[in-house]
$ cat structure.tsv   # TSV, C-alpha atoms and all ligand atoms
chain	number	residue	atom	x	y	z
S	1	MET	CA	-2.01	9.88	-23.94
S	2	LYS	CA	-3.91	8.61	-20.88
S	3	ARG	CA	-3.55	10.64	-17.71
S	4	ALA	CA	-3.61	9.25	-14.17
S	5	PHE	CA	-3.78	10.95	-10.77
S	6	ILE	CA	-2.36	9.01	-7.80
S	7	THR	CA	-2.83	9.98	-4.16
S	8	GLY	CA	-0.19	8.34	-1.98
S	9	ILE	CA	2.34	8.37	-4.83
S	10	THR	CA	5.25	8.59	-2.35
S	11	GLY	CA	4.27	5.31	-0.67
S	12	GLN	CA	5.16	1.72	-1.54
S	13	ASP	CA	2.18	1.10	-3.82
S	14	GLY	CA	2.09	4.61	-5.25
S	15	SER	CA	5.70	4.40	-6.35
S	16	TYR	CA	5.29	1.01	-8.03
S	17	LEU	CA	2.05	2.13	-9.68
S	18	ALA	CA	3.67	5.32	-10.98
S	19	GLU	CA	6.46	3.23	-12.55
S	20	LEU	CA	3.96	0.83	-14.08
S	21	LEU	CA	1.80	3.59	-15.58
S	22	LEU	CA	4.84	5.42	-16.96
S	23	LEU	CA	5.88	2.16	-18.64
S	24	LYS	CA	2.38	1.85	-20.09
S	25	GLY	CA	2.74	5.32	-21.62
S	26	TYR	CA	0.59	7.33	-19.18
S	27	GLU	CA	1.13	10.87	-18.01
S	28	VAL	CA	1.21	10.51	-14.23
S	29	HIS	CA	0.26	13.12	-11.65
S	30	GLY	CA	0.81	12.55	-7.95
S	31	LEU	CA	-0.33	14.22	-4.77
S	32	VAL	CA	2.51	14.94	-2.33
S	33	ARG	CA	2.17	16.30	1.20
S	34	ARG	CA	4.25	19.37	1.85
S	35	ALA	CA	7.03	18.75	4.33
S	36	SER	CA	10.10	20.74	5.27
S	37	SER	CA	12.30	17.92	3.99
S	38	PHE	CA	11.94	15.89	0.81
S	39	ASN	CA	9.61	12.89	1.13
S	40	THR	CA	9.84	11.52	-2.41
S	41	GLY	CA	12.62	8.95	-1.94
S	42	ARG	CA	10.62	6.12	-3.49
S	43	ILE	CA	9.98	7.99	-6.76
S	44	ASP	CA	13.06	10.15	-7.20
S	45	HIS	CA	14.56	7.64	-9.64
S	46	VAL	CA	11.67	8.11	-12.11
S	47	TYR	CA	11.22	11.82	-11.59
S	48	GLN	CA	11.79	14.18	-14.49
S	49	ASP	CA	12.00	17.92	-14.15
S	50	ALA	CA	8.55	19.34	-14.96
S	51	ARG	CA	10.28	21.79	-17.37
S	52	ASP	CA	11.52	18.88	-19.50
S	53	PRO	CA	9.26	18.79	-22.61
S	54	ASP	CA	9.24	14.97	-22.39
S	55	ALA	CA	8.29	14.88	-18.70
S	56	ARG	CA	5.38	12.58	-17.92
S	57	LEU	CA	5.52	12.56	-14.11
S	58	PHE	CA	4.23	15.60	-12.25
S	59	LEU	CA	3.97	16.10	-8.50
S	60	HIS	CA	1.50	18.45	-6.83
S	61	HIS	CA	1.47	19.58	-3.24
S	62	GLY	CA	-1.80	18.86	-1.48
S	63	ASP	CA	-3.44	16.92	1.30
S	64	MET	CA	-6.35	14.51	1.58
S	65	THR	CA	-7.87	16.72	4.27
S	66	ASP	CA	-8.15	19.64	1.83
S	67	GLY	CA	-11.16	18.98	-0.39
S	68	VAL	CA	-10.94	22.32	-2.19
S	69	ARG	CA	-7.38	21.58	-3.26
S	70	LEU	CA	-8.44	18.16	-4.53
S	71	LEU	CA	-11.29	19.73	-6.49
S	72	THR	CA	-9.11	22.35	-8.18
S	73	LEU	CA	-6.34	19.85	-8.88
S	74	LEU	CA	-8.73	17.41	-10.52
S	75	GLY	CA	-10.17	20.19	-12.65
S	76	ALA	CA	-6.69	21.25	-13.76
S	77	ILE	CA	-5.34	17.75	-14.43
S	78	ALA	CA	-8.54	16.19	-15.87
S	79	PRO	CA	-7.29	12.63	-15.34
S	80	ASP	CA	-8.71	9.54	-17.02
S	81	GLU	CA	-7.97	7.41	-13.98
S	82	VAL	CA	-7.73	8.29	-10.27
S	83	TYR	CA	-6.04	5.91	-7.82
S	84	ASN	CA	-6.69	6.62	-4.16
S	85	LEU	CA	-3.71	5.06	-2.37
S	86	ALA	CA	-3.17	7.71	0.30
S	87	GLY	CA	-3.64	6.82	3.92
S	88	GLN	CA	-2.36	6.38	7.42
S	89	SER	CA	-2.11	2.64	6.91
S	90	HIS	CA	-0.31	1.48	10.06
S	91	VAL	CA	-2.81	-0.49	12.14
S	92	ARG	CA	-1.02	-0.23	15.50
S	93	GLU	CA	-0.54	3.51	15.00
S	94	SER	CA	-4.24	3.95	14.21
S	95	PHE	CA	-5.09	3.05	17.83
S	96	ASP	CA	-2.98	6.00	19.00
S	97	GLN	CA	-4.22	8.36	16.28
S	98	PRO	CA	-7.77	7.20	15.48
S	99	ARG	CA	-9.10	10.63	14.53
S	100	PHE	CA	-6.19	11.50	12.26
S	101	THR	CA	-6.48	8.07	10.62
S	102	ALA	CA	-10.20	8.61	9.99
S	103	GLU	CA	-9.57	12.11	8.61
S	104	ILE	CA	-7.15	10.80	5.99
S	105	VAL	CA	-8.60	7.40	5.16
S	106	ALA	CA	-12.37	7.93	5.52
S	107	MET	CA	-12.92	11.68	5.07
S	108	GLY	CA	-10.06	11.93	2.58
S	109	THR	CA	-11.77	9.40	0.33
S	110	LEU	CA	-15.04	11.31	0.65
S	111	HIS	CA	-13.27	14.56	-0.28
S	112	LEU	CA	-11.79	12.91	-3.36
S	113	LEU	CA	-15.09	11.40	-4.48
S	114	GLU	CA	-16.86	14.72	-3.96
S	115	ALA	CA	-14.11	16.44	-5.94
S	116	ILE	CA	-14.68	14.02	-8.82
S	117	ARG	CA	-18.46	14.50	-8.63
S	118	HIS	CA	-18.37	18.29	-8.54
S	119	SER	CA	-15.52	18.82	-10.99
S	120	ARG	CA	-17.48	16.58	-13.43
S	121	VAL	CA	-14.20	15.12	-14.66
S	122	ALA	CA	-14.98	11.93	-16.59
S	123	CYS	CA	-12.60	9.55	-14.84
S	124	ARG	CA	-12.42	6.05	-13.43
S	125	PHE	CA	-11.77	5.72	-9.70
S	126	TYR	CA	-9.80	3.05	-7.81
S	127	GLN	CA	-10.20	2.81	-4.04
S	128	ALA	CA	-7.38	1.00	-2.25
S	129	GLY	CA	-9.40	-1.14	0.09
S	130	SER	CA	-7.80	-3.42	2.62
S	131	SER	CA	-8.30	-6.98	3.81
S	132	ASP	CA	-8.15	-5.49	7.28
S	133	MET	CA	-11.81	-4.56	6.78
S	134	PHE	CA	-12.71	-8.25	7.20
S	135	GLY	CA	-11.38	-8.22	10.77
S	136	ASP	CA	-13.31	-10.86	12.70
S	137	SER	CA	-15.15	-12.18	9.67
S	138	ALA	CA	-14.60	-15.92	9.12
S	139	PRO	CA	-11.81	-16.73	6.60
S	140	PRO	CA	-11.32	-17.35	3.73
S	141	HIS	CA	-12.48	-13.94	2.51
S	142	THR	CA	-14.19	-13.13	-0.77
S	143	GLU	CA	-15.72	-9.93	-2.13
S	144	LEU	CA	-18.96	-10.98	-0.41
S	145	SER	CA	-17.55	-11.66	3.06
S	146	LEU	CA	-18.86	-9.64	5.98
S	147	LEU	CA	-16.82	-6.56	6.89
S	148	ALA	CA	-16.09	-6.72	10.64
S	149	PRO	CA	-13.23	-4.24	11.20
S	150	ARG	CA	-11.15	-4.46	14.38
S	151	SER	CA	-9.07	-1.27	14.30
S	152	PRO	CA	-9.56	2.45	13.63
S	153	GLU	CA	-7.66	2.00	10.36
S	154	ALA	CA	-9.97	-0.81	9.27
S	155	THR	CA	-13.20	1.02	10.23
S	156	ALA	CA	-12.01	4.03	8.23
S	157	LYS	CA	-11.26	1.75	5.24
S	158	ALA	CA	-14.75	0.23	5.57
S	159	TYR	CA	-16.27	3.72	5.41
S	160	ALA	CA	-14.24	4.45	2.27
S	161	HIS	CA	-15.28	1.10	0.77
S	162	TRP	CA	-18.99	1.70	1.21
S	163	THR	CA	-18.78	5.33	0.14
S	164	THR	CA	-17.08	4.19	-3.08
S	165	ARG	CA	-19.88	1.68	-3.70
S	166	ASN	CA	-22.53	4.31	-3.07
S	167	TYR	CA	-20.91	6.75	-5.52
S	168	ARG	CA	-20.80	3.96	-8.10
S	169	GLU	CA	-24.47	3.17	-7.64
S	170	GLY	CA	-25.80	6.66	-6.88
S	171	TYR	CA	-23.81	8.82	-9.27
S	172	ASP	CA	-23.00	6.34	-12.01
S	173	LEU	CA	-19.28	6.74	-11.36
S	174	PHE	CA	-16.88	4.05	-12.66
S	175	ALA	CA	-15.67	3.36	-9.10
S	176	VAL	CA	-13.86	0.17	-8.09
S	177	ASN	CA	-12.90	-1.23	-4.70
S	178	GLY	CA	-9.73	-3.28	-4.74
S	179	ILE	CA	-9.54	-5.31	-1.54
S	180	ALA	CA	-5.82	-5.96	-1.29
S	181	PHE	CA	-4.44	-8.39	1.24
S	182	ASN	CA	-1.03	-7.65	2.79
S	183	HIS	CA	1.48	-6.88	0.06
S	184	GLU	CA	5.10	-6.16	0.80
S	185	SER	CA	8.40	-5.32	-0.86
S	186	PRO	CA	11.78	-3.73	-0.17
S	187	ARG	CA	9.88	-0.41	-0.29
S	188	ARG	CA	7.53	-1.36	2.57
S	189	GLY	CA	7.67	1.04	5.51
S	190	GLU	CA	10.14	-0.10	8.16
S	191	THR	CA	7.54	-0.51	10.93
S	192	PHE	CA	5.35	-3.06	9.15
S	193	VAL	CA	6.23	-6.51	10.37
S	194	THR	CA	7.77	-8.01	7.19
S	195	ARG	CA	10.12	-5.08	6.58
S	196	LYS	CA	10.94	-4.80	10.28
S	197	ILE	CA	11.99	-8.45	10.14
S	198	SER	CA	13.98	-8.27	6.88
S	199	GLN	CA	15.82	-5.16	8.00
S	200	ALA	CA	16.64	-6.70	11.39
S	201	VAL	CA	17.88	-9.92	9.74
S	202	ALA	CA	20.28	-7.90	7.58
S	203	ARG	CA	21.54	-5.95	10.59
S	204	ILE	CA	21.93	-9.05	12.77
S	205	GLN	CA	23.82	-10.84	10.00
S	206	ALA	CA	26.13	-7.83	9.69
S	207	GLY	CA	26.74	-7.86	13.45
S	208	ARG	CA	25.07	-4.47	13.94
S	209	GLN	CA	22.13	-5.68	16.03
S	210	ASP	CA	21.55	-8.62	18.37
S	211	PHE	CA	17.83	-8.80	18.93
S	212	LEU	CA	14.55	-8.19	17.14
S	213	TYR	CA	11.59	-7.29	19.37
S	214	LEU	CA	8.19	-8.35	18.10
S	215	GLY	CA	4.63	-8.73	19.35
S	216	ASP	CA	2.23	-11.57	18.58
S	217	LEU	CA	3.71	-14.14	16.15
S	218	SER	CA	0.50	-16.13	15.75
S	219	PRO	CA	-1.73	-13.94	13.50
S	220	VAL	CA	-2.07	-15.34	9.99
S	221	ARG	CA	-1.62	-13.08	6.97
S	222	ASP	CA	-1.87	-13.61	3.21
S	223	TRP	CA	1.35	-11.94	2.05
S	224	GLY	CA	2.07	-11.10	-1.59
S	225	TYR	CA	4.58	-9.01	-3.54
S	226	ALA	CA	3.52	-5.37	-3.99
S	227	PRO	CA	4.68	-4.82	-7.64
S	228	GLU	CA	2.27	-7.57	-8.70
S	229	TYR	CA	-0.61	-5.93	-6.84
S	230	VAL	CA	-0.35	-2.60	-8.63
S	231	GLU	CA	-0.77	-4.47	-11.93
S	232	GLY	CA	-3.99	-5.89	-10.44
S	233	MET	CA	-5.13	-2.39	-9.45
S	234	TRP	CA	-4.60	-1.12	-13.00
S	235	ARG	CA	-6.48	-4.07	-14.48
S	236	THR	CA	-9.56	-3.37	-12.34
S	237	LEU	CA	-9.95	-0.03	-14.13
S	238	GLN	CA	-9.63	-1.53	-17.63
S	239	GLN	CA	-12.84	-3.59	-17.40
S	240	ASP	CA	-16.16	-2.83	-19.12
S	241	GLU	CA	-18.00	-2.51	-15.80
S	242	PRO	CA	-16.87	-1.31	-12.37
S	243	ASP	CA	-16.83	-3.96	-9.63
S	244	ASP	CA	-15.04	-5.00	-6.42
S	245	TYR	CA	-12.07	-7.38	-6.42
S	246	VAL	CA	-10.01	-9.27	-3.84
S	247	LEU	CA	-6.26	-9.19	-4.60
S	248	ALA	CA	-4.47	-11.92	-2.66
S	249	THR	CA	-2.25	-14.98	-3.00
S	250	GLY	CA	-4.82	-17.36	-1.49
S	251	THR	CA	-2.28	-18.73	1.01
S	252	GLY	CA	-1.96	-17.72	4.66
S	253	HIS	CA	0.96	-18.01	7.09
S	254	PRO	CA	1.46	-17.04	10.73
S	255	VAL	CA	3.92	-14.21	11.36
S	256	GLN	CA	6.31	-16.80	12.78
S	257	ASP	CA	6.62	-18.48	9.35
S	258	PHE	CA	7.84	-15.22	7.83
S	259	VAL	CA	10.30	-14.81	10.71
S	260	GLU	CA	11.67	-18.32	10.14
S	261	ALA	CA	11.90	-17.90	6.35
S	262	ALA	CA	13.77	-14.60	6.69
S	263	PHE	CA	16.25	-15.80	9.32
S	264	ASP	CA	16.78	-19.15	7.52
S	265	HIS	CA	17.65	-17.34	4.31
S	266	ALA	CA	20.43	-15.47	6.14
S	267	GLY	CA	21.64	-18.66	7.83
S	268	LEU	CA	20.52	-17.45	11.26
S	269	ASP	CA	18.61	-19.17	14.06
S	270	TRP	CA	15.56	-16.95	14.69
S	271	ASP	CA	14.98	-18.35	18.18
S	272	ARG	CA	18.27	-16.86	19.41
S	273	HIS	CA	17.49	-13.36	18.19
S	274	VAL	CA	13.72	-12.76	18.47
S	275	ARG	CA	12.30	-11.42	21.71
S	276	PHE	CA	8.79	-10.47	22.78
S	277	ASP	CA	7.77	-6.87	23.46
S	278	GLU	CA	4.20	-6.21	24.56
S	279	ARG	CA	4.33	-2.69	23.09
S	280	TYR	CA	3.70	-4.26	19.69
S	281	LEU	CA	0.44	-5.88	20.75
S	282	ARG	CA	-2.81	-4.26	19.60
S	283	PRO	CA	-5.91	-3.71	21.76
S	284	THR	CA	-7.82	-5.82	19.22
S	285	GLU	CA	-5.94	-8.17	16.90
S	286	VAL	CA	-7.07	-9.70	13.61
S	287	VAL	CA	-6.39	-13.41	13.97
S	288	GLU	CA	-6.49	-14.49	10.34
S	289	LEU	CA	-6.70	-12.77	6.95
S	290	LEU	CA	-6.88	-15.11	3.98
S	291	GLY	CA	-8.11	-14.05	0.55
S	292	VAL	CA	-9.83	-15.90	-2.27
S	293	PRO	CA	-8.47	-14.29	-5.47
S	294	ASP	CA	-10.66	-16.36	-7.85
S	295	LYS	CA	-12.71	-13.44	-9.18
S	296	ALA	CA	-9.55	-11.44	-9.99
S	297	ALA	CA	-8.09	-14.49	-11.76
S	298	GLU	CA	-11.24	-15.11	-13.77
S	299	LYS	CA	-12.22	-11.54	-14.69
S	300	LEU	CA	-8.88	-9.69	-14.65
S	301	GLY	CA	-6.57	-12.55	-15.59
S	302	TRP	CA	-4.53	-11.52	-12.52
S	303	ARG	CA	-2.67	-13.90	-10.23
S	304	ALA	CA	-0.06	-13.36	-7.53
S	305	THR	CA	2.97	-15.48	-8.36
S	306	VAL	CA	5.34	-14.63	-5.48
S	307	GLN	CA	4.55	-16.55	-2.31
S	308	MET	CA	5.63	-15.82	1.26
S	309	ALA	CA	9.00	-17.64	1.34
S	310	GLU	CA	10.20	-16.05	-1.90
S	311	LEU	CA	8.96	-12.67	-0.68
S	312	ALA	CA	11.01	-13.06	2.50
S	313	ARG	CA	14.10	-13.86	0.42
S	314	ILE	CA	13.56	-10.85	-1.87
S	315	MET	CA	13.21	-8.52	1.11
S	316	VAL	CA	16.18	-9.90	3.06
S	317	ASP	CA	18.41	-9.74	-0.04
S	318	ALA	CA	17.37	-6.12	-0.62
S	319	ASP	CA	18.06	-5.12	2.97
S	320	VAL	CA	21.43	-6.89	2.97
S	321	ALA	CA	22.32	-4.98	-0.22
S	322	ALA	CA	21.02	-1.73	1.32
S	323	LEU	CA	23.37	-2.14	4.27
S	324	GLU	CA	26.27	-2.65	1.89
S	325	HIS	CA	25.37	0.57	0.07
S	326	GLU	CA	24.29	2.56	3.08
S	327	GLY	CA	22.62	5.84	2.28
S	328	ARG	CA	20.81	4.42	-0.72
S	329	HIS	CA	17.41	3.39	0.57
S	330	TRP	CA	15.64	1.85	-2.36
S	331	VAL	CA	18.20	-0.58	-3.58
S	332	ASP	CA	15.98	-2.16	-6.19
S	333	ASP	CA	16.11	1.20	-7.97
S	334	VAL	CA	19.76	1.78	-8.62
S	335	ARG	CA	19.67	5.19	-10.24
S	336	LEU	CA	20.69	8.11	-8.08
S	337	PRO	CA	17.88	10.49	-7.11
S	338	THR	CA	17.33	13.87	-8.70
S	339	TRP	CA	15.50	16.34	-6.54
S	340	PRO	CA	11.90	16.99	-7.50
S	341	VAL	CA	10.65	20.24	-8.96
S	342	LEU	CA	6.93	20.56	-8.38
S	343	ALA	CA	4.61	21.21	-11.29
S	344	THR	CA	3.24	24.72	-11.16
S	345	ASP	CA	-0.33	23.56	-11.95
S	401	LIG	C1	-3.87	-5.56	4.82
S	401	LIG	C2	-3.35	-4.68	5.91
S	401	LIG	O1	-1.94	-4.95	6.07
S	401	LIG	C3	-1.28	-4.15	7.01
S	401	LIG	O2	-1.82	-4.35	8.30
S	401	LIG	P1	-1.28	-5.47	9.29
S	401	LIG	O3	-1.75	-6.81	8.83
S	401	LIG	O4	-1.65	-5.05	10.64
S	401	LIG	O5	0.30	-5.41	9.02
S	401	LIG	P2	1.57	-5.38	9.97
S	401	LIG	O6	2.71	-5.72	9.11
S	401	LIG	O7	1.66	-4.14	10.76
S	401	LIG	O8	1.26	-6.58	11.02
S	401	LIG	C4	1.06	-7.91	10.60
S	401	LIG	C5	0.88	-8.81	11.80
S	401	LIG	O9	2.12	-8.86	12.50
S	401	LIG	C6	1.88	-8.74	13.90
S	401	LIG	N1	3.10	-8.25	14.55
S	401	LIG	C7	3.82	-8.93	15.49
S	401	LIG	N2	4.84	-8.19	15.90
S	401	LIG	C8	4.79	-7.01	15.20
S	401	LIG	C9	5.61	-5.87	15.20
S	401	LIG	O10	6.59	-5.76	15.93
S	401	LIG	N3	5.26	-4.87	14.33
S	401	LIG	C10	4.16	-4.97	13.51
S	401	LIG	N4	3.88	-3.94	12.65
S	401	LIG	N5	3.35	-6.06	13.51
S	401	LIG	C11	3.67	-7.06	14.34
S	401	LIG	C12	0.72	-7.76	13.97
S	401	LIG	O11	0.10	-7.78	15.24
S	401	LIG	C13	-0.13	-8.27	12.82
S	401	LIG	O12	-0.95	-9.32	13.25
S	401	LIG	C14	-1.44	-2.68	6.67
S	401	LIG	O13	-0.87	-2.42	5.40
S	401	LIG	C15	-2.92	-2.32	6.63
S	401	LIG	O14	-3.05	-0.98	6.21
S	401	LIG	C16	-3.59	-3.24	5.69
S	401	LIG	O15	-4.33	-2.84	4.82
$ encode --input "structure.tsv" --output "structure tokens" --more "lines below"
Ligand SMILES: C[C@H]1O[C@H](OP(=O)(O)OP(=O)(O)OC[C@H]2O[C@@H](n3cnc4c(=O)[nH]c(N)nc43)[C@H](O)[C@@H]2O)[C@@H](O)[C@@H](O)C1=O
Amino acid sequence: MKRAFITGITGQDGSYLAELLLLKGYEVHGLVRRASSFNTGRIDHVYQDARDPDARLFLHHGDMTDGVRLLTLLGAIAPDEVYNLAGQSHVRESFDQPRFTAEIVAMGTLHLLEAIRHSRVACRFYQAGSSDMFGDSAPPHTELSLLAPRSPEATAKAYAHWTTRNYREGYDLFAVNGIAFNHESPRRGETFVTRKISQAVARIQAGRQDFLYLGDLSPVRDWGYAPEYVEGMWRTLQQDEPDDYVLATGTGHPVQDFVEAAFDHAGLDWDRHVRFDERYLRPTEVVELLGVPDKAAEKLGWRATVQMAELARIMVDADVAALEHEGRHWVDDVRLPTWPVLATD
């Protein structure tokens, strides 16, 4: 049985990837930050008690800032595949917490790569790169486009990207950079713009909220559906040779298009409910991110099929359903959560 280790397993991508790998028959291990309250809401529905002889999902407390913990965990788990999805990924927040963001995203990746190198575990490594690294670089963006990051989050991702390449070339590690463009879902954090919009639409439709406050509606993003992207991540590690891949839909839209699609789907007039708030502006904005997914299509046989308007409908429907079943957060997973018991290592 193949074994995978996922950092960031409690996030949107980590939870979808864990589900996918369990379906593919893997034993899945995930890194979870210790907190005084449970933070595993996105994976509770697939969690099995570690004492169950059939359990294939194991959670381990640890942190990307703790390289020794990563080293000992890797040695104990001996995974075949490592997916580095952990991070402080909110761009606006990274301007307020640049050092913390760099510690997790840049140094955290270095800690993980060093842990792989020194534990001598024979594994393949996936680095969750971000289109944000392209920043000011002229669109459309390919694997060869210049990296010109415009935020602390993006500069940290660029460090992680180049460190991954150097470990591939210098230490003969099967290390891959996936460069994923924005990918969203009902599990997206509530402060990213798509989820903020879909949640607000549901609340406005239900008469629980009147206005949605947003920043700049003009930036263009290439939005896809997150469950499709984790399939792409997995495929990058199944190739004969390690390489870098753009994962994107190939179509860009301004934020305003997503706003319109979401409000339209609920039968609402967006213009009556959306207001501007300068607090959501960033010191430096990325004007346009647009990916060219041709290499992924050709080499991985991977293509994004859900485009922006359908994505908006999926997310609005999920948030409308979530309001109807308040208290259940991840409505696309209808099983009730069981509380996690951590593996004892
Ligand atoms: C690929 C990349 O994708 C994400 O970064 P992002 O593109 O910054 O995503 P977002 O959803 O925060 O913003 C999208 C756009 O929407 C504009 N916008 C307007 N008004 C609001 C607003 O009120 N909130 C937010 N969050 N954005 C707003 C905002 O200024 C920006 O132009 C991260 O996953 C990152 O880690 C990553 O890898």
$ closest_residue --input "structure.tsv" --among "S:Arg313, S:Arg235, S:Lys299, S:Arg203" --to "His273 in chain S" --atoms "only C-alpha atoms"
S:Arg203
$ closest_residue --input "structure.tsv" --among "S:Thr142, S:Gln127, S:Thr251, S:Gln256" --to "ligand LIG 401 (chain S)" --atoms "only C-alpha atoms and all ligand atoms"
S:Gln256
$ atom_distance --input "structure.tsv" --atom1 "CA of Trp223 in chain S" --atom2 "CA of Pro152 in chain S"
21.5 Å
$ closest_atom_pairs --input "structure.tsv" --of "range 128-227 of chain S" --to "range 90-98 of chain S" --cutoff "12 Å" --atoms "all atoms listed in the file" --output "CSV"
residue,atom,partner,partner_atom,distance
S:Ser130,CA,S:Val91,CA,11.1
S:Ser131,CA,S:Val91,CA,11.9
S:Asp132,CA,S:Val91,CA,8.8
S:Met133,CA,S:Val91,CA,11.2
S:Gly135,CA,S:Val91,CA,11.6
S:Pro149,CA,S:Val91,CA,11.1
S:Arg150,CA,S:Val91,CA,9.5
S:Ser151,CA,S:Val91,CA,6.7
S:Pro152,CA,S:Pro98,CA,5.4
S:Glu153,CA,S:Ser94,CA,5.5
S:Ala154,CA,S:Val91,CA,7.7
S:Thr155,CA,S:Pro98,CA,9.8
S:Ala156,CA,S:Pro98,CA,9.0
S:Lys157,CA,S:Val91,CA,11.1
S:Asn182,CA,S:His90,CA,11.7
S:Arg188,CA,S:His90,CA,11.2
S:Gly189,CA,S:His90,CA,9.2
S:Glu190,CA,S:His90,CA,10.7
S:Thr191,CA,S:His90,CA,8.1
S:Phe192,CA,S:His90,CA,7.3
S:Val193,CA,S:His90,CA,10.3
S:Gly215,CA,S:Arg92,CA,10.9
$ closest_residue --input "structure.tsv" --among "S:Glu285, S:Asp80, S:Asp269, S:Asp13" --to "ligand LIG 401 (chain S)" --atoms "all atoms listed in the file"
S:Glu285
$ residues_around --input "structure.tsv" --residues "Glu241 in chain S" --least-positions-apart "3" --cutoff "10 Å" --atoms "all atoms listed in the file" --output "short mmCIF file (atom, residue, chain, number, x, y, z; two decimals) with C-alpha atoms, in the frame of the given file"
data_model
loop_
_atom_site.label_atom_id
_atom_site.label_comp_id
_atom_site.auth_asym_id
_atom_site.auth_seq_id
_atom_site.Cartn_x
_atom_site.Cartn_y
_atom_site.Cartn_z
CA PHE S 174 -16.88 4.05 -12.66
CA ALA S 175 -15.67 3.36 -9.10
CA VAL S 176 -13.86 0.17 -8.09
CA THR S 236 -9.56 -3.37 -12.34
CA LEU S 237 -9.95 -0.03 -14.13
CA GLN S 238 -9.63 -1.53 -17.63
#
$ atom_distance --input "structure.tsv" --atom1 "CA of Val292 in chain S" --atom2 "atom C4 of ligand LIG 401 (chain S)"
18.7 Å
$ residues_near_point --input "structure.tsv" --point "(-16.7, -14.3, -14.9)" --cutoff "12 Å" --atoms "only C-alpha atoms" --output "list of chain:residue names"
S:Gln239, S:Glu241, S:Asp243, S:Tyr245, S:Asp294, S:Lys295, S:Ala296, S:Ala297, S:Glu298, S:Lys299, S:Leu300, S:Gly301
$ atom_distance --input "structure.tsv" --atom1 "atom N4 of ligand LIG 401 (chain S)" --atom2 "CA of Gly11 in chain S"
16.2 Å
$ closest_residue --input "structure.tsv" --among "S:Ile197, S:Leu85, S:Ile314, S:Val274" --to "Asp210 in chain S" --atoms "only C-alpha atoms"
S:Val274
$ closest_residue --input "structure.tsv" --among "S:Asn166, S:Ser119, S:Gln307, S:Ser185" --to "ligand LIG 401 (chain S)" --atoms "all atoms listed in the file"
S:Ser185
$ residues_around --input "structure.tsv" --residues "Ala4 in chain S" --least-positions-apart "2" --cutoff "7 Å" --atoms "all atoms listed in the file" --output "PyMOL selection string"
chain S and resi 2+6+26-29+79-82
$ closest_residue --input "structure.tsv" --among "S:Ser37, S:Leu22, S:Thr109, S:Trp270" --to "Phe211 in chain S" --atoms "only C-alpha atoms"
S:Trp270
$ residues_around --input "structure.tsv" --residues "Trp302 in chain S" --least-positions-apart "6" --cutoff "9 Å" --atoms "only C-alpha atoms" --output "JSON, numbers by chain"
{"S": [228, 229, 231, 232, 235, 247, 293, 296]}
$ residues_around --input "structure.tsv" --residues "Val121 in chain S" --least-positions-apart "2" --cutoff "7 Å" --atoms "all atoms listed in the file" --output "PyMOL selection string"
chain S and resi 75+78+116+119+123
$ write_last_selection --input "structure.tsv" --atoms "C-alpha atoms" --output "mmCIF file, keeping the file's coordinate frame"
data_model
loop_
_atom_site.group_PDB
_atom_site.id
_atom_site.type_symbol
_atom_site.label_atom_id
_atom_site.label_comp_id
_atom_site.auth_asym_id
_atom_site.auth_seq_id
_atom_site.Cartn_x
_atom_site.Cartn_y
_atom_site.Cartn_z
ATOM 1 C CA GLY S 75 -10.170 20.190 -12.650
ATOM 2 C CA ALA S 78 -8.540 16.190 -15.870
ATOM 3 C CA ILE S 116 -14.680 14.020 -8.820
ATOM 4 C CA SER S 119 -15.520 18.820 -10.990
ATOM 5 C CA CYS S 123 -12.600 9.550 -14.840
#
$ residues_around --input "structure.tsv" --residues "Thr305 in chain S" --least-positions-apart "4" --cutoff "9 Å" --atoms "only C-alpha atoms" --output "list in words"
Gly224, Tyr225, Glu228 and Thr249 of chain S
$ residues_near_point --input "structure.tsv" --point "(6.1, 15.2, -0.4)" --cutoff "9 Å" --atoms "only C-alpha atoms" --output "list of chain:residue names"
S:Ile9, S:Thr10, S:Leu31, S:Val32, S:Arg33, S:Arg34, S:Ala35, S:Ser36, S:Ser37, S:Phe38, S:Asn39, S:Thr40, S:Leu59, S:His60, S:His61, S:Gly62
